[in-house]
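K.L.:
What follows is target_15.cif, mmCIF, C-alpha atoms.
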data_structure
loop_
_atom_site.label_atom_id
_atom_site.label_comp_id
_atom_site.auth_asym_id
_atom_site.auth_seq_id
_atom_site.Cartn_x
_atom_site.Cartn_y
_atom_site.Cartn_z
CA MET A 1 31.11 15.31 22.49
CA VAL A 2 31.14 12.24 20.28
CA ASP A 3 28.56 9.97 21.92
CA TYR A 4 27.63 8.64 18.49
CA LEU A 5 31.00 6.84 18.42
CA ALA A 6 30.01 4.58 21.31
CA ASN A 7 29.83 0.92 20.26
CA THR A 8 31.10 1.73 16.73
CA GLU A 9 33.80 -0.27 15.01
CA ILE A 10 36.21 2.67 14.71
CA ASN A 11 35.96 3.39 18.43
CA SER A 12 36.49 -0.29 19.27
CA GLN A 13 39.59 -0.34 17.06
CA ARG A 14 41.02 2.75 18.72
CA ILE A 15 40.53 1.34 22.21
CA ALA A 16 41.95 -2.03 21.18
CA ALA A 17 45.04 -0.25 19.84
CA VAL A 18 45.56 1.49 23.19
CA GLU A 19 45.18 -1.80 25.06
CA SER A 20 47.69 -3.39 22.71
CA CYS A 21 50.24 -0.64 23.30
CA PHE A 22 50.07 -1.19 27.07
CA GLY A 23 50.26 -4.96 26.64
CA ALA A 24 49.68 -7.47 29.41
CA SER A 25 50.73 -4.97 32.09
CA GLY A 26 47.74 -2.72 31.39
CA GLN A 27 44.14 -3.18 32.41
CA PRO A 28 41.40 -3.83 29.81
CA LEU A 29 39.85 -0.55 28.68
CA ALA A 30 36.95 -1.64 26.45
CA LEU A 31 33.54 -1.18 28.06
CA PRO A 32 30.06 -0.72 26.53
CA GLY A 33 29.46 2.98 25.99
CA ARG A 34 33.09 3.98 26.55
CA VAL A 35 34.50 6.33 23.91
CA LEU A 36 38.12 7.29 23.28
CA LEU A 37 37.93 11.05 22.75
CA GLY A 38 41.57 12.00 22.29
CA GLU A 39 45.19 11.32 23.00
CA GLY A 40 48.51 13.08 23.13
CA VAL A 41 51.84 13.60 24.85
CA LEU A 42 51.97 15.94 27.84
CA THR A 43 54.85 16.83 30.11
CA LYS A 44 54.25 15.49 33.62
CA GLU A 45 56.16 17.06 36.48
CA CYS A 46 57.59 14.12 38.41
CA ARG A 47 59.64 14.01 41.58
CA LYS A 48 63.04 14.04 39.87
CA LYS A 49 62.26 16.00 36.72
CA ALA A 50 59.57 16.67 34.13
CA LYS A 51 58.99 13.74 31.78
CA PRO A 52 56.86 13.09 28.69
CA ARG A 53 53.83 10.91 29.28
CA ILE A 54 51.18 9.59 26.92
CA PHE A 55 47.62 10.58 27.90
CA PHE A 56 44.32 9.13 26.66
CA LEU A 57 41.03 10.87 27.37
CA PHE A 58 37.93 8.69 27.44
CA ASN A 59 34.42 9.89 28.21
CA ASP A 60 34.63 8.44 31.73
CA ILE A 61 38.35 7.98 32.55
CA LEU A 62 41.74 9.57 31.99
CA VAL A 63 44.58 7.12 31.28
CA TYR A 64 48.28 7.87 31.17
CA GLY A 65 51.54 5.97 31.07
CA SER A 66 55.24 6.02 30.30
CA ILE A 67 56.44 5.97 26.71
CA VAL A 68 58.68 3.08 25.72
CA LEU A 69 58.24 3.28 21.93
CA ASN A 70 56.21 6.12 20.46
CA LYS A 71 52.71 4.93 19.48
CA ARG A 72 53.82 1.32 19.86
CA LYS A 73 54.54 0.53 23.48
CA TYR A 74 53.62 2.11 26.82
CA ARG A 75 53.93 0.99 30.44
CA SER A 76 53.00 2.02 34.00
CA GLN A 77 49.34 2.47 33.14
CA HIS A 78 47.37 4.79 35.45
CA ILE A 79 43.57 5.07 35.28
CA ILE A 80 41.77 8.04 36.85
CA PRO A 81 37.93 8.09 37.03
CA LEU A 82 36.84 11.47 35.69
CA GLU A 83 34.24 12.02 38.42
CA GLU A 84 37.19 12.35 40.83
CA VAL A 85 39.02 14.96 38.75
CA THR A 86 39.31 18.70 39.35
CA LEU A 87 41.50 20.93 37.19
CA GLU A 88 43.40 24.05 38.19
CA THR A 89 45.12 26.30 35.66
CA LEU A 90 48.53 27.45 36.89
CA PRO A 91 50.12 30.86 36.29
CA GLU A 92 52.78 31.32 33.63
CA THR A 93 56.43 31.80 34.54
CA VAL A 94 59.54 32.29 32.43
CA GLN A 95 60.60 28.68 33.07
CA ALA A 96 57.17 27.02 33.08
CA LYS A 97 54.34 27.64 30.63
CA ASN A 98 51.03 26.08 29.60
CA ARG A 99 50.68 24.19 32.88
CA TRP A 100 47.69 22.98 34.83
CA MET A 101 47.10 20.69 37.78
CA ILE A 102 45.08 17.49 37.69
CA LYS A 103 43.73 16.99 41.22
CA THR A 104 42.12 13.91 42.75
CA ALA A 105 41.69 12.63 46.29
CA LYS A 106 44.46 10.06 45.83
CA LYS A 107 46.96 11.92 43.68
CA SER A 108 47.51 15.40 42.27
CA PHE A 109 50.12 16.36 39.71
CA VAL A 110 51.10 19.07 37.25
CA VAL A 111 51.19 18.67 33.47
CA SER A 112 51.96 21.04 30.62
CA ALA A 113 51.21 21.19 26.93
CA ALA A 114 53.30 22.47 24.03
CA SER A 115 51.17 25.59 23.58
CA ALA A 116 48.44 27.60 25.25
CA THR A 117 45.99 26.43 22.56
CA GLU A 118 46.67 22.78 23.26
CA ARG A 119 46.41 23.34 27.00
CA GLN A 120 43.00 24.93 26.51
CA GLU A 121 41.90 22.04 24.29
CA TRP A 122 42.83 19.50 26.95
CA ILE A 123 41.23 21.48 29.76
CA SER A 124 37.97 22.12 27.91
CA HIS A 125 37.61 18.49 26.81
CA ILE A 126 38.40 17.11 30.27
CA GLU A 127 36.09 19.55 32.04
CA GLU A 128 33.22 18.70 29.68
CA CYS A 129 33.77 14.98 30.27
CA VAL A 130 33.86 15.55 34.04
CA ARG A 131 30.63 17.57 33.89
CA ARG A 132 28.86 14.85 31.92
CA GLN A 133 30.18 12.08 34.13
CA LEU A 134 29.02 13.82 37.31
CA LEU A 135 25.62 14.37 35.72
CA ALA A 136 25.40 10.71 34.71
CA THR A 137 26.45 9.35 38.10
CA GLY A 138 24.65 11.90 40.27
CA LEU A 139 27.86 12.51 42.22
CA GLN A 140 29.03 15.86 43.54
CA PRO A 141 32.37 17.38 42.51
CA SER A 142 35.24 16.27 44.72
CA THR A 143 36.30 18.79 47.37
CA GLU A 144 39.23 16.88 48.89
CA HIS A 145 42.43 16.60 46.90
CA ALA A 146 45.84 15.11 47.55
CA ALA A 147 48.68 17.60 47.71
CA PRO A 148 51.04 17.47 44.72
CA TRP A 149 54.62 16.52 45.56
CA ILE A 150 57.05 19.41 45.34
CA PRO A 151 59.89 18.39 42.96
CA ASP A 152 63.21 17.44 44.55
CA LYS A 153 65.07 20.21 42.77
CA ALA A 154 62.78 22.88 44.20
CA THR A 155 64.80 23.00 47.43
CA ASP A 156 68.24 22.05 48.76
CA ILE A 157 67.15 22.15 52.40
CA CYS A 158 64.37 20.57 54.44
CA MET A 159 61.19 22.61 54.08
CA ARG A 160 60.24 22.02 57.72
CA CYS A 161 63.33 22.48 59.89
CA THR A 162 65.10 24.63 57.22
CA GLN A 163 68.38 23.39 58.70
CA THR A 164 69.15 20.03 57.12
CA ARG A 165 70.85 20.33 53.72
CA PHE A 166 70.29 17.49 51.28
CA SER A 167 73.22 15.70 49.71
CA ALA A 168 74.18 12.35 48.22
CA LEU A 169 74.13 10.93 51.76
CA THR A 170 71.19 12.93 53.15
CA ARG A 171 68.19 11.93 51.09
CA ARG A 172 64.97 13.77 50.46
CA HIS A 173 61.56 12.49 51.59
CA HIS A 174 58.05 13.70 50.85
CA CYS A 175 55.24 14.26 53.31
CA ARG A 176 52.17 12.45 51.96
CA LYS A 177 49.85 15.06 53.46
CA CYS A 178 51.36 18.39 52.34
CA GLY A 179 53.78 17.23 49.63
CA PHE A 180 56.75 19.13 51.14
CA VAL A 181 60.33 17.95 50.68
CA VAL A 182 61.61 17.05 54.14
CA CYS A 183 64.51 15.34 55.86
CA ALA A 184 64.30 12.00 57.67
CA GLU A 185 64.28 13.60 61.12
CA CYS A 186 61.34 15.83 60.20
CA SER A 187 59.35 12.92 58.77
CA ARG A 188 59.85 10.16 61.30
CA GLU A 189 56.15 9.59 61.92
CA ARG A 190 53.54 7.77 59.88
CA PHE A 191 49.82 8.36 59.85
CA LEU A 192 46.88 6.53 58.34
CA LEU A 193 45.49 8.49 55.39
CA PRO A 194 42.68 6.23 54.14
CA ARG A 195 42.13 8.19 50.92
CA LEU A 196 45.72 7.50 49.88
CA SER A 197 46.58 4.06 51.22
CA PRO A 198 45.42 1.32 53.61
CA LYS A 199 48.86 1.55 55.28
CA PRO A 200 50.13 4.41 57.46
CA LEU A 201 52.21 6.79 55.35
CA ARG A 202 55.17 9.08 55.98
CA VAL A 203 54.14 12.56 57.12
CA CYS A 204 56.13 15.57 58.26
CA SER A 205 56.22 16.66 61.88
CA LEU A 206 53.79 19.56 61.41
CA CYS A 207 51.21 17.51 59.53
CA PHE A 208 51.55 14.72 62.11
CA ARG A 209 50.70 17.08 64.97
CA GLU A 210 47.72 18.50 63.07
CA LEU A 211 46.43 15.06 62.04
CA ALA A 212 46.92 13.62 65.52
CA ALA A 213 45.04 16.54 67.09
CA GLN A 214 42.19 16.09 64.64
CA LYS A 215 42.11 12.35 65.32
CA ARG A 216 41.91 12.90 69.09
CA LYS A 217 39.09 15.39 68.60
CA GLU A 218 37.14 12.95 66.41
CA ASP A 219 37.65 10.12 68.90
CA VAL A 220 36.33 12.25 71.74
CA GLU A 221 33.28 13.28 69.73
CA GLU A 222 32.55 9.69 68.65
CA GLN A 223 32.95 8.11 72.06
CA GLY A 224 31.43 10.89 74.11
CA LEU A 225 34.17 10.17 76.65
CA GLY A 226 37.47 11.64 77.64
CA SER A 227 40.56 11.54 75.47
CA PRO A 228 41.21 7.97 74.26
CA GLY A 229 44.10 6.07 75.74
CA PRO A 230 47.41 5.78 73.96
CA SER A 231 46.78 2.25 72.72
CA ALA A 232 43.45 3.14 71.14
CA TYR A 233 44.94 6.29 69.64
CA LEU A 234 47.89 4.46 68.14
CA ALA A 235 45.77 1.62 66.81
CA GLY A 236 43.34 4.03 65.22
CA ALA A 237 45.74 6.32 63.43
CA VAL A 238 49.47 5.98 63.87
CA CYS A 239 52.03 3.28 63.25
CA GLY A 240 54.94 4.60 65.30
CA ALA A 241 57.99 6.29 63.92
CA SER A 242 59.08 5.72 60.37
CA SER A 243 61.97 3.34 59.95
CA GLY A 244 63.04 5.23 56.86
CA ASP A 245 62.71 2.16 54.68
CA ASP A 246 59.61 3.23 52.80
CA ASP A 247 60.07 3.99 49.13
CA ASP A 248 59.56 7.61 48.13
CA SER A 249 60.20 6.86 44.48
CA ASP A 250 56.56 6.55 43.35
CA GLU A 251 57.17 8.78 40.34
CA ASP A 252 60.50 7.20 39.47
CA ARG A 253 58.95 3.76 39.11
CA GLU A 254 56.82 5.11 36.27
CA GLY A 255 59.92 5.27 34.09
CA SER A 256 63.01 4.26 36.00
CA GLY A 257 66.34 5.05 34.49
CA ASP A 258 64.77 7.45 31.96
CA GLY A 259 64.70 4.54 29.54
CA ASP A 260 61.22 5.51 28.41
CA TRP A 261 62.53 8.48 26.43
CA PRO A 262 66.15 9.23 25.48
CA SER A 263 67.32 12.20 27.53
CA HIS A 264 69.05 13.81 24.55
CA VAL A 265 65.87 13.85 22.41
CA GLU A 266 63.76 17.00 22.42
CA PHE A 267 60.39 15.28 22.40
CA TYR A 268 58.49 18.42 21.41
CA ALA A 269 60.20 18.25 18.01
CA SER A 270 60.62 14.51 17.66
CA GLY A 271 57.76 13.90 15.27
CA VAL A 272 55.25 13.05 18.00
CA SER A 273 51.69 14.00 17.21
CA TRP A 274 51.22 16.19 20.23
CA SER A 275 47.46 15.89 20.69
CA SER A 276 44.52 14.68 18.69
CA PHE A 277 40.83 14.79 19.59
CA HIS A 278 38.42 12.60 17.66
CA SER A 279 35.28 13.93 16.05
#
Using structure tokens, write down the structure from this file.

P.N.:
Amino acid sequence: MVDYLANTEINSQRIAAVESCFGASGQPLALPGRVLLGEGVLTKECRKKAKPRIFFLFNDILVYGSIVLNKRKYRSQHIIPLEEVTLETLPETVQAKNRWMIKTAKKSFVVSAASATERQEWISHIEECVRRQLLATGLQPSTEHAAPWIPDKATDICMRCTQTRFSALTRRHHCRKCGFVVCAECSRERFLLPRLSPKPLRVCSLCFRELAAQKRKEDVEEQGLGSPGPSAYLAGAVCGASSGDDDDSDEDREGSGDGDWPSHVEFYASGVSWSSFHS
């Protein structure tokens, strides 16, 4: 680790450069004791397709965003506290290599590097930062993680009823609990998932039944009474059936229209410095 860089001029300049690239849309990143350890471009598996994203590893947070102009302008800044992070290396396939999953309670997603060596560099640096951050804060490693969204192209039919076929008119939705791709009929309900949002979120029919059963059990245990009435049950967990007007395009908003990187450019060979860790 490079703790000696904390509060040095070179570290301050590096962090200021990152803040400048995100512009007014990004949050301030400079804090006493915070060190920028490394940066690079990784492929992030999004809902529609895999896209290049810029990642910055600090000693206490992981920051990523969409690329507008390489090393000059980024947007859609996301900040992940490292004490919430768990990593999972994924098996190699012919189509997908050098992948791993970044898991947190609020969001989990898959990224990949250009080579196995670079993947191992990222994983080892992140895991060491996580270990140190947990030690510094006295927190325990997170055991609850959000399910990653299965990409749209992974299936042409609803993964719950296995009957509805998706088309230009029949849109895909994602269950916020299991991450499955489901049709509107199989995801009519919403359920309050406090770790993910203060608002009830779209869930599939199977997850709804499991969550509702767990909620009823918890209510009975808490109240020491019989099963709570419908009004108490609904107020405590569910917000009726989904109207279908919620926006499933969380990933798409990170770089809508693919304007953040020209689709015809092979970004692995575009002159981008893939990853760099400071020493």

K.L.:
Can you give me, as a tab-separated table (two decimals) with C-alpha atoms, keeping the file's coordinate frame, the residues this file yields under the PyMOL selection byres ((chain A and resi 127-144) around 12)?

P.N.:
chain	number	residue	atom	x	y	z
A	1	MET	CA	31.11	15.31	22.49
A	2	VAL	CA	31.14	12.24	20.28
A	3	ASP	CA	28.56	9.97	21.92
A	34	ARG	CA	33.09	3.98	26.55
A	35	VAL	CA	34.50	6.33	23.91
A	36	LEU	CA	38.12	7.29	23.28
A	37	LEU	CA	37.93	11.05	22.75
A	38	GLY	CA	41.57	12.00	22.29
A	57	LEU	CA	41.03	10.87	27.37
A	58	PHE	CA	37.93	8.69	27.44
A	59	ASN	CA	34.42	9.89	28.21
A	60	ASP	CA	34.63	8.44	31.73
A	61	ILE	CA	38.35	7.98	32.55
A	62	LEU	CA	41.74	9.57	31.99
A	80	ILE	CA	41.77	8.04	36.85
A	81	PRO	CA	37.93	8.09	37.03
A	82	LEU	CA	36.84	11.47	35.69
A	83	GLU	CA	34.24	12.02	38.42
A	84	GLU	CA	37.19	12.35	40.83
A	85	VAL	CA	39.02	14.96	38.75
A	86	THR	CA	39.31	18.70	39.35
A	87	LEU	CA	41.50	20.93	37.19
A	88	GLU	CA	43.40	24.05	38.19
A	89	THR	CA	45.12	26.30	35.66
A	102	ILE	CA	45.08	17.49	37.69
A	103	LYS	CA	43.73	16.99	41.22
A	104	THR	CA	42.12	13.91	42.75
A	105	ALA	CA	41.69	12.63	46.29
A	106	LYS	CA	44.46	10.06	45.83
A	107	LYS	CA	46.96	11.92	43.68
A	108	SER	CA	47.51	15.40	42.27
A	120	GLN	CA	43.00	24.93	26.51
A	121	GLU	CA	41.90	22.04	24.29
A	122	TRP	CA	42.83	19.50	26.95
A	123	ILE	CA	41.23	21.48	29.76
A	124	SER	CA	37.97	22.12	27.91
A	125	HIS	CA	37.61	18.49	26.81
A	126	ILE	CA	38.40	17.11	30.27
A	145	HIS	CA	42.43	16.60	46.90
A	146	ALA	CA	45.84	15.11	47.55
A	147	ALA	CA	48.68	17.60	47.71
A	177	LYS	CA	49.85	15.06	53.46
A	195	ARG	CA	42.13	8.19	50.92
A	196	LEU	CA	45.72	7.50	49.88

K.L.:
Please evaluate the PyMOL selection byres ((chain A and resi 29) around 8) against the displayed coordinates and give the resulting residues as a list in words.

P.N.:
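What the PyMOL selection byres ((chain A and resi 29) around 8) grabs from the file is Ile15, Ala16, Glu19, Gln27, Pro28, Ala30 and Leu31 of chain A.
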
K.L.:
Contacts of Pro91 (chain A) at 12 Å or less, counting only C-alpha atoms, minus same-chain residues fewer than 3 places along, as a list of chain:residue names?

P.N.:
A:Glu88, A:Val94, A:Gln95, A:Ala96, A:Lys97, A:Asn98, A:Arg99, A:Trp100, A:Met101, A:Val110, A:Ser112, A:Ala116

K.L.:
With C-alpha atoms retained, write the just-selected residues as an mmCIF file, in the frame of the given file.

P.N.:
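Result written to result_7.cif:
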data_model
loop_
_atom_site.group_PDB
_atom_site.id
_atom_site.type_symbol
_atom_site.label_atom_id
_atom_site.label_comp_id
_atom_site.auth_asym_id
_atom_site.auth_seq_id
_atom_site.Cartn_x
_atom_site.Cartn_y
_atom_site.Cartn_z
ATOM 1 C CA GLU A 88 43.400 24.050 38.190
ATOM 2 C CA VAL A 94 59.540 32.290 32.430
ATOM 3 C CA GLN A 95 60.600 28.680 33.070
ATOM 4 C CA ALA A 96 57.170 27.020 33.080
ATOM 5 C CA LYS A 97 54.340 27.640 30.630
ATOM 6 C CA ASN A 98 51.030 26.080 29.600
ATOM 7 C CA ARG A 99 50.680 24.190 32.880
ATOM 8 C CA TRP A 100 47.690 22.980 34.830
ATOM 9 C CA MET A 101 47.100 20.690 37.780
ATOM 10 C CA VAL A 110 51.100 19.070 37.250
ATOM 11 C CA SER A 112 51.960 21.040 30.620
ATOM 12 C CA ALA A 116 48.440 27.600 25.250
#

K.L.:
I want to know what sits within 12 Å of Arg176 (chain A), based on only C-alpha atoms, with residues of the same chain fewer than 3 positions away left out; could you give that as an NGL selection string?

P.N.:
:A and (105-108 or 145-150 or 173 or 179-182 or 187 or 189-197 or 199-208 or 211 or 246-248 or 250)

K.L.:
For Arg75 (chain A), which residue among A:Cys21, A:Val63, A:Phe55, A:Cys46 is the nearest when counting all atoms listed in the file?

P.N.:
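Residue with the minimum atom-to-atom distance to Arg75 (chain A): A:Cys21.
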
K.L.:
From the options A:Lys44, A:Asn70, A:Phe56, A:Gly224, which residue's atoms come nearest to Arg14 (chain A), counting all atoms listed in the file?

P.N.:
A:Phe56
